[in-house]
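Source file: structure16.cif (mmCIF, C-alpha atoms and all ligand atoms)
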data_coords
loop_
_atom_site.label_atom_id
_atom_site.label_comp_id
_atom_site.auth_asym_id
_atom_site.auth_seq_id
_atom_site.Cartn_x
_atom_site.Cartn_y
_atom_site.Cartn_z
CA MET A 218 9.92 -7.89 24.88
CA HIS A 219 11.25 -4.65 23.48
CA CYS A 220 9.58 -2.11 21.21
CA LEU A 221 10.82 -2.51 17.64
CA TRP A 222 11.02 1.25 17.28
CA CYS A 223 12.18 2.83 20.56
CA HIS A 224 13.63 -0.36 22.11
CA ASN A 225 11.99 0.35 25.44
CA GLU A 226 10.91 -2.72 27.29
CA ILE A 227 7.25 -3.55 26.88
CA ILE A 228 5.62 -4.65 30.08
CA PRO A 229 2.15 -5.67 29.06
CA GLU A 230 -0.71 -5.15 31.44
CA ILE A 231 -2.17 -8.46 32.34
CA THR A 232 -5.64 -8.18 30.94
CA TRP A 233 -7.44 -11.00 29.22
CA ARG A 234 -6.84 -9.45 25.85
CA ASN A 235 -3.12 -9.05 26.39
CA PHE A 236 -2.88 -12.44 27.98
CA LEU A 237 -4.24 -13.98 24.80
CA ASN A 238 -2.07 -11.69 22.72
CA ILE A 239 1.14 -12.78 24.40
CA PHE A 240 0.60 -16.31 23.26
CA GLY A 241 -1.20 -15.59 20.02
CA GLU A 242 0.98 -12.89 18.57
CA ASN A 243 4.12 -11.02 19.49
CA ILE A 244 3.64 -7.52 20.81
CA VAL A 245 6.16 -5.53 18.80
CA ILE A 246 5.33 -1.92 19.57
CA CYS A 247 5.02 -0.09 22.88
CA ASP A 248 1.91 1.90 23.71
CA SER A 249 3.54 5.29 23.34
CA CYS A 250 4.86 4.51 19.83
CA LYS A 251 1.56 2.92 18.88
CA GLN A 252 -0.27 6.12 19.77
CA LYS A 253 1.97 8.08 17.42
CA LEU A 254 1.12 5.82 14.48
CA THR A 255 -1.98 7.63 13.37
CA CYS A 256 -4.61 5.46 11.74
CA ILE A 257 -6.98 7.22 9.37
CA VAL A 258 -10.28 7.55 11.13
CA GLY A 259 -13.24 9.87 10.71
CA PRO A 260 -14.64 11.39 7.53
CA ALA A 261 -12.62 10.86 4.36
CA CYS A 262 -13.05 10.81 0.60
CA PRO A 263 -14.81 7.49 -0.14
CA ARG A 264 -12.55 6.82 -3.12
CA CYS A 265 -9.05 7.68 -1.90
CA SER A 266 -9.11 7.85 1.93
CA ARG A 267 -8.05 11.50 2.01
CA SER A 268 -9.23 13.00 5.29
CA SER A 269 -11.86 15.67 4.80
CA LYS A 270 -14.67 17.43 6.62
CA ASN A 271 -17.31 15.43 4.81
CA GLU A 272 -17.72 12.14 3.01
CA LEU A 273 -17.82 13.66 -0.47
CA LEU A 274 -15.61 12.79 -3.43
CA CYS A 275 -12.47 14.98 -3.36
CA GLY A 276 -11.40 17.16 -6.29
CA ASP A 277 -8.70 14.74 -7.49
CA CYS A 278 -11.07 11.78 -7.48
CA LYS A 279 -13.63 13.77 -9.47
CA GLN A 280 -10.95 14.26 -12.10
CA TRP A 281 -9.93 10.59 -12.10
CA SER A 282 -13.55 9.52 -12.46
CA THR A 283 -14.04 11.46 -15.69
CA HIS A 284 -10.54 10.96 -17.11
CA PRO A 285 -10.61 9.54 -20.68
CA THR A 286 -8.05 6.80 -19.91
CA PHE A 287 -8.52 6.14 -16.22
CA ALA A 288 -12.25 6.51 -15.54
CA GLY A 289 -13.52 3.39 -13.80
CA VAL A 290 -10.24 1.44 -13.64
CA LEU A 291 -9.60 1.81 -9.91
CA SER A 292 -12.69 1.36 -7.74
CA LYS A 293 -11.18 2.81 -4.60
CA ASN A 294 -8.09 3.22 -2.48
CA VAL A 295 -7.98 2.48 1.22
CA SER A 296 -5.02 3.66 3.28
CA VAL A 297 -4.20 2.62 6.82
CA PHE A 298 -2.15 5.47 8.28
CA SER A 299 -1.87 9.19 7.70
CA TYR A 300 1.51 10.79 7.02
CA SER A 301 3.07 12.36 10.09
CA PRO A 302 6.62 13.33 11.12
CA PHE A 303 6.75 10.10 13.12
CA MET A 304 5.70 8.03 10.12
CA LYS A 305 8.28 9.83 8.00
CA GLU A 306 11.01 8.81 10.44
CA ILE A 307 9.89 5.19 10.32
CA MET A 308 9.74 5.23 6.52
CA ASN A 309 13.27 6.63 6.31
CA LYS A 310 14.66 3.86 8.40
CA TRP A 311 12.53 1.09 6.93
CA LYS A 312 12.46 1.93 3.27
CA TYR A 313 15.59 3.94 2.61
CA ARG A 314 17.93 2.36 5.12
CA GLY A 315 16.61 -1.13 4.57
CA ASP A 316 15.57 -2.06 8.11
CA TYR A 317 13.18 -4.75 6.87
CA VAL A 318 11.97 -5.96 10.25
CA LEU A 319 10.22 -2.62 10.93
CA VAL A 320 7.39 -3.75 8.65
CA ASN A 321 6.06 -5.54 11.72
CA LEU A 322 5.21 -2.17 13.29
CA PHE A 323 2.43 -1.92 10.71
CA LYS A 324 1.16 -5.47 10.92
CA ALA A 325 -1.74 -5.09 13.36
CA GLY A 326 -3.02 -1.88 11.71
CA VAL A 327 -2.76 -3.31 8.19
CA GLN A 328 -4.53 -6.54 9.10
CA LYS A 329 -7.32 -4.72 10.94
CA ARG A 330 -8.02 -2.27 8.12
CA PHE A 331 -7.85 -5.00 5.49
CA LYS A 332 -10.44 -7.02 7.36
CA GLU A 333 -12.77 -4.03 7.69
CA ASP A 334 -12.63 -2.97 4.05
CA PHE A 335 -11.70 -6.01 2.01
CA GLY A 336 -12.39 -8.94 4.34
CA LYS A 337 -15.11 -10.37 2.11
CA LEU A 338 -13.40 -9.73 -1.21
CA ASN A 339 -10.88 -12.58 -1.28
CA PRO A 340 -8.60 -10.75 -3.73
CA THR A 341 -5.27 -11.59 -5.30
CA LEU A 342 -2.61 -9.11 -4.18
CA VAL A 343 -0.47 -7.36 -6.77
CA PRO A 344 2.37 -5.34 -5.21
CA ILE A 345 3.66 -2.29 -7.10
CA PRO A 346 7.13 -3.34 -8.32
CA LEU A 347 10.41 -1.49 -8.00
CA SER A 348 12.92 -1.41 -10.82
CA ALA A 349 15.55 -4.16 -10.52
CA THR A 350 18.23 -1.59 -9.69
CA ARG A 351 16.17 0.06 -6.99
CA GLN A 352 15.27 -3.27 -5.45
CA GLN A 353 18.91 -4.26 -5.36
CA GLU A 354 19.82 -0.98 -3.64
CA ARG A 355 17.12 -1.40 -1.00
CA GLY A 356 17.31 -5.13 -0.58
CA PHE A 357 13.53 -5.54 -0.67
CA ASN A 358 10.37 -4.16 -2.19
CA GLN A 359 8.34 -2.35 0.45
CA ALA A 360 5.03 -3.03 -1.35
CA GLU A 361 5.79 -6.75 -1.37
CA ALA A 362 6.64 -6.59 2.35
CA ILE A 363 3.25 -5.03 3.09
CA ALA A 364 1.47 -7.64 0.95
CA GLN A 365 3.19 -10.38 2.94
CA LEU A 366 1.49 -9.16 6.11
CA LEU A 367 -1.76 -10.50 4.67
CA ASP A 368 -2.31 -14.20 4.26
CA LEU A 369 -3.36 -14.10 0.60
CA PRO A 370 -1.97 -15.14 -2.78
CA ILE A 371 0.49 -12.64 -4.24
CA ASP A 372 0.88 -12.26 -7.99
CA ASP A 373 3.85 -10.22 -9.23
CA ALA A 374 1.93 -9.45 -12.39
CA LEU A 375 3.59 -6.09 -13.05
CA THR A 376 7.14 -5.12 -13.90
CA ARG A 377 8.58 -1.66 -14.02
CA VAL A 378 9.61 -0.51 -17.46
CA THR A 379 13.32 0.21 -17.35
CA ASN A 380 14.73 3.43 -18.71
CA GLU A 381 16.48 1.38 -21.37
CA LYS A 382 13.19 0.06 -22.71
CA GLN A 383 11.70 3.55 -22.56
CA ALA A 384 14.66 4.87 -24.53
CA LYS A 385 14.11 2.36 -27.34
CA LYS A 386 10.66 3.76 -28.00
CA SER A 387 10.22 6.49 -30.51
CA ARG A 388 9.60 9.98 -29.23
CA GLN A 389 5.98 9.67 -30.26
CA GLN A 390 5.52 6.39 -28.38
CA ARG A 391 7.11 7.85 -25.30
CA LEU A 392 4.82 10.82 -25.30
CA GLN A 393 1.79 8.60 -25.62
CA SER A 394 2.76 6.22 -22.93
CA ASN A 395 4.11 7.38 -19.63
CA ASN A 396 3.02 4.11 -18.14
CA PRO A 397 5.80 3.02 -15.81
CA PHE A 398 4.63 -0.62 -15.87
CA GLN A 399 4.20 -3.63 -18.10
CA LEU A 400 1.91 -6.58 -17.54
CA LYS A 401 3.85 -9.83 -17.12
CA ASN A 402 0.91 -12.20 -17.09
CA GLU A 403 -2.86 -12.23 -17.30
CA VAL A 404 -4.84 -11.93 -14.09
CA GLN A 405 -8.34 -12.87 -13.01
CA GLY A 406 -10.91 -12.13 -10.34
CA PRO A 407 -10.71 -9.23 -7.92
CA ILE A 408 -7.29 -7.62 -7.61
CA LEU A 409 -5.96 -5.56 -4.73
CA VAL A 410 -2.93 -3.49 -5.69
CA ILE A 411 -0.56 -2.90 -2.77
CA ASP A 412 1.77 0.04 -2.29
CA ASP A 413 3.29 2.07 0.53
CA LEU A 414 2.01 5.52 -0.43
CA TYR A 415 -1.01 7.01 -2.13
CA THR A 416 -0.06 10.55 -3.11
CA THR A 417 -1.51 11.70 -6.43
CA GLY A 418 -2.84 8.26 -7.30
CA ALA A 419 -1.09 8.28 -10.70
CA THR A 420 1.02 5.17 -10.07
CA LEU A 421 -1.96 3.16 -8.88
CA HIS A 422 -4.16 4.30 -11.76
CA TRP A 423 -1.55 3.20 -14.30
CA ALA A 424 -1.29 -0.17 -12.56
CA ALA A 425 -5.07 -0.56 -12.45
CA TYR A 426 -5.39 0.39 -16.11
CA LEU A 427 -3.07 -2.49 -17.12
CA LEU A 428 -4.61 -5.00 -14.73
CA LYS A 429 -8.08 -4.24 -16.02
CA ARG A 430 -6.92 -4.90 -19.56
CA GLY A 431 -5.18 -8.03 -18.27
CA GLY A 432 -8.43 -9.61 -17.08
CA ALA A 433 -9.15 -8.36 -13.54
CA THR A 434 -12.83 -8.12 -12.65
CA THR A 435 -12.41 -5.34 -10.07
CA ILE A 436 -9.37 -3.42 -8.92
CA ASP A 437 -8.94 -1.65 -5.61
CA SER A 438 -5.79 -0.44 -3.97
CA PHE A 439 -4.61 -0.81 -0.39
CA THR A 440 -1.83 1.48 0.71
CA LEU A 441 0.02 1.92 3.95
CA ILE A 442 -0.09 5.72 3.98
CA ARG A 443 -2.31 8.44 2.54
CA SER A 444 -0.04 11.45 2.15
ZN ZN B 501 8.22 2.26 21.39
ZN ZN B 502 -10.48 11.30 -3.19
#

When written as structure tokens, how does the structure in this file appear?
Amino acid sequence: MHCLWCHNEIIPEITWRNFLNIFGENIVICDSCKQKLTCIVGPACPRCSRSSKNELLCGDCKQWSTHPTFAGVLSKNVSVFSYSPFMKEIMNKWKYRGDYVLVNLFKAGVQKRFKEDFGKLNPTLVPIPLSATRQQERGFNQAEAIAQLLDLPIDDALTRVTNEKQAKKSRQQRLQSNNPFQLKNEVQGPILVIDDLYTTGATLHWAAYLLKRGGATTIDSFTLIRS
């Protein structure tokens, strides 16, 4: 067995846990790389997972929660890892250079965090889409790849509005709607929107806004990284 990232050989310690692991699941990351993948732990904003000194709502979330369009559309965001130089390196190789198999580096962390926060929800997963051109360039949609780590139904309910479609709108329409997405089909029940990054939260709020209007009962988001 070799580490997916550094290619060093992994020689697992023979403990009961590892013994079971060897047969149950492939070990894909060595201990030293695993330690550099920093999971978000400790106090954080309860709505967006941003690390903080306390458990209070952060300034951005306060704004979202009173926003005329977006108040109440996205219940909360949970992110698995924090952004670090190491994570940036992995993202470059995975996302921008199309090394699809690296998604497995995240598998254990994603599954663990999902179980802790959404284990009882039984949601339908809606990955944030790429434009057709972007997806062709990259070869895959990273949000879809993350969703596939979880054993749940995936609904590609959103499409990205192409520049062409945006251009056909009148200037007035364009000003009113900066929504990068369109709803392809109606949805139902609890929805978990999946993406790789939560930065300002704008993308996920636009997605949640549409999904709410499309029939979702509750909408949360689950993202790989909180930047
Ligand atoms: Zn390694
Ligand atoms: Zn927040």

Review point. Once you count all atoms listed in the file, which residues end up within 7 Å of ligand ZN 502 (chain B), and could you hand them over as an NGL selection string?
Key: :A and (262-267 or 274-278)

Name the residues, by chain letter and number, that sit within 6 Å of ligand ZN 501 (chain B) using only C-alpha atoms and all ligand atoms, and give them as a PDB file with C-alpha atoms, in the frame of the given file.
ATOM      1  CA  CYS A 220       9.580  -2.110  21.210  1.00  0.00           C
ATOM      2  CA  TRP A 222      11.020   1.250  17.280  1.00  0.00           C
ATOM      3  CA  CYS A 223      12.180   2.830  20.560  1.00  0.00           C
ATOM      4  CA  ASN A 225      11.990   0.350  25.440  1.00  0.00           C
ATOM      5  CA  ILE A 246       5.330  -1.920  19.570  1.00  0.00           C
ATOM      6  CA  CYS A 247       5.020  -0.090  22.880  1.00  0.00           C
ATOM      7  CA  SER A 249       3.540   5.290  23.340  1.00  0.00           C
ATOM      8  CA  CYS A 250       4.860   4.510  19.830  1.00  0.00           C
TER       9      CYS A 250
END

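Every polymer residue reaching to within 12 Å of (-13.1, 9.8, -12.7), counting all atoms listed in the file, appears in this list: Arg264, Cys265, Leu274, Cys275, Gly276, Asp277, Cys278, Lys279, Gln280, Trp281, Ser282, Thr283, His284, Pro285, Thr286, Phe287, Ala288, Gly289, Val290, Leu291, Ser292, Lys293, Gly418 and His422 of chain A.
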
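Note that atom CA of Glu272 of chain A and atom CA of Ala424 of chain A are 25.8 Å apart.
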
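For the pair atom CA of Val320 of chain A and atom CA of Ala360 of chain A, the separation is 10.3 Å.
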
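Atom to atom, atom CA of Ile307 of chain A and atom CA of Leu319 of chain A stand 7.8 Å apart.
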
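Once segment 332-344 of chain A and its same-chain neighbours fewer than 4 positions away are set aside, A:Val295, A:Gln328, A:Ala360, A:Glu361, A:Ala364, A:Leu369, A:Pro370, A:Ile371, A:Asp372, A:Asp373, A:Ala374, A:Leu375, A:Gly406, A:Pro407, A:Ile408, A:Leu409, A:Val410, A:Ile411, A:Asp412 remain within 8 Å of it when counting all atoms listed in the file.
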
Exercise for review: Mind checking which residues fall within 8 Å of segment 350-356 of chain A, counting only C-alpha atoms, ignoring those fewer than 2 positions away in the same chain, and posting them as number ranges by chain?
Suggested key: A: 312-315, 347-348, 358
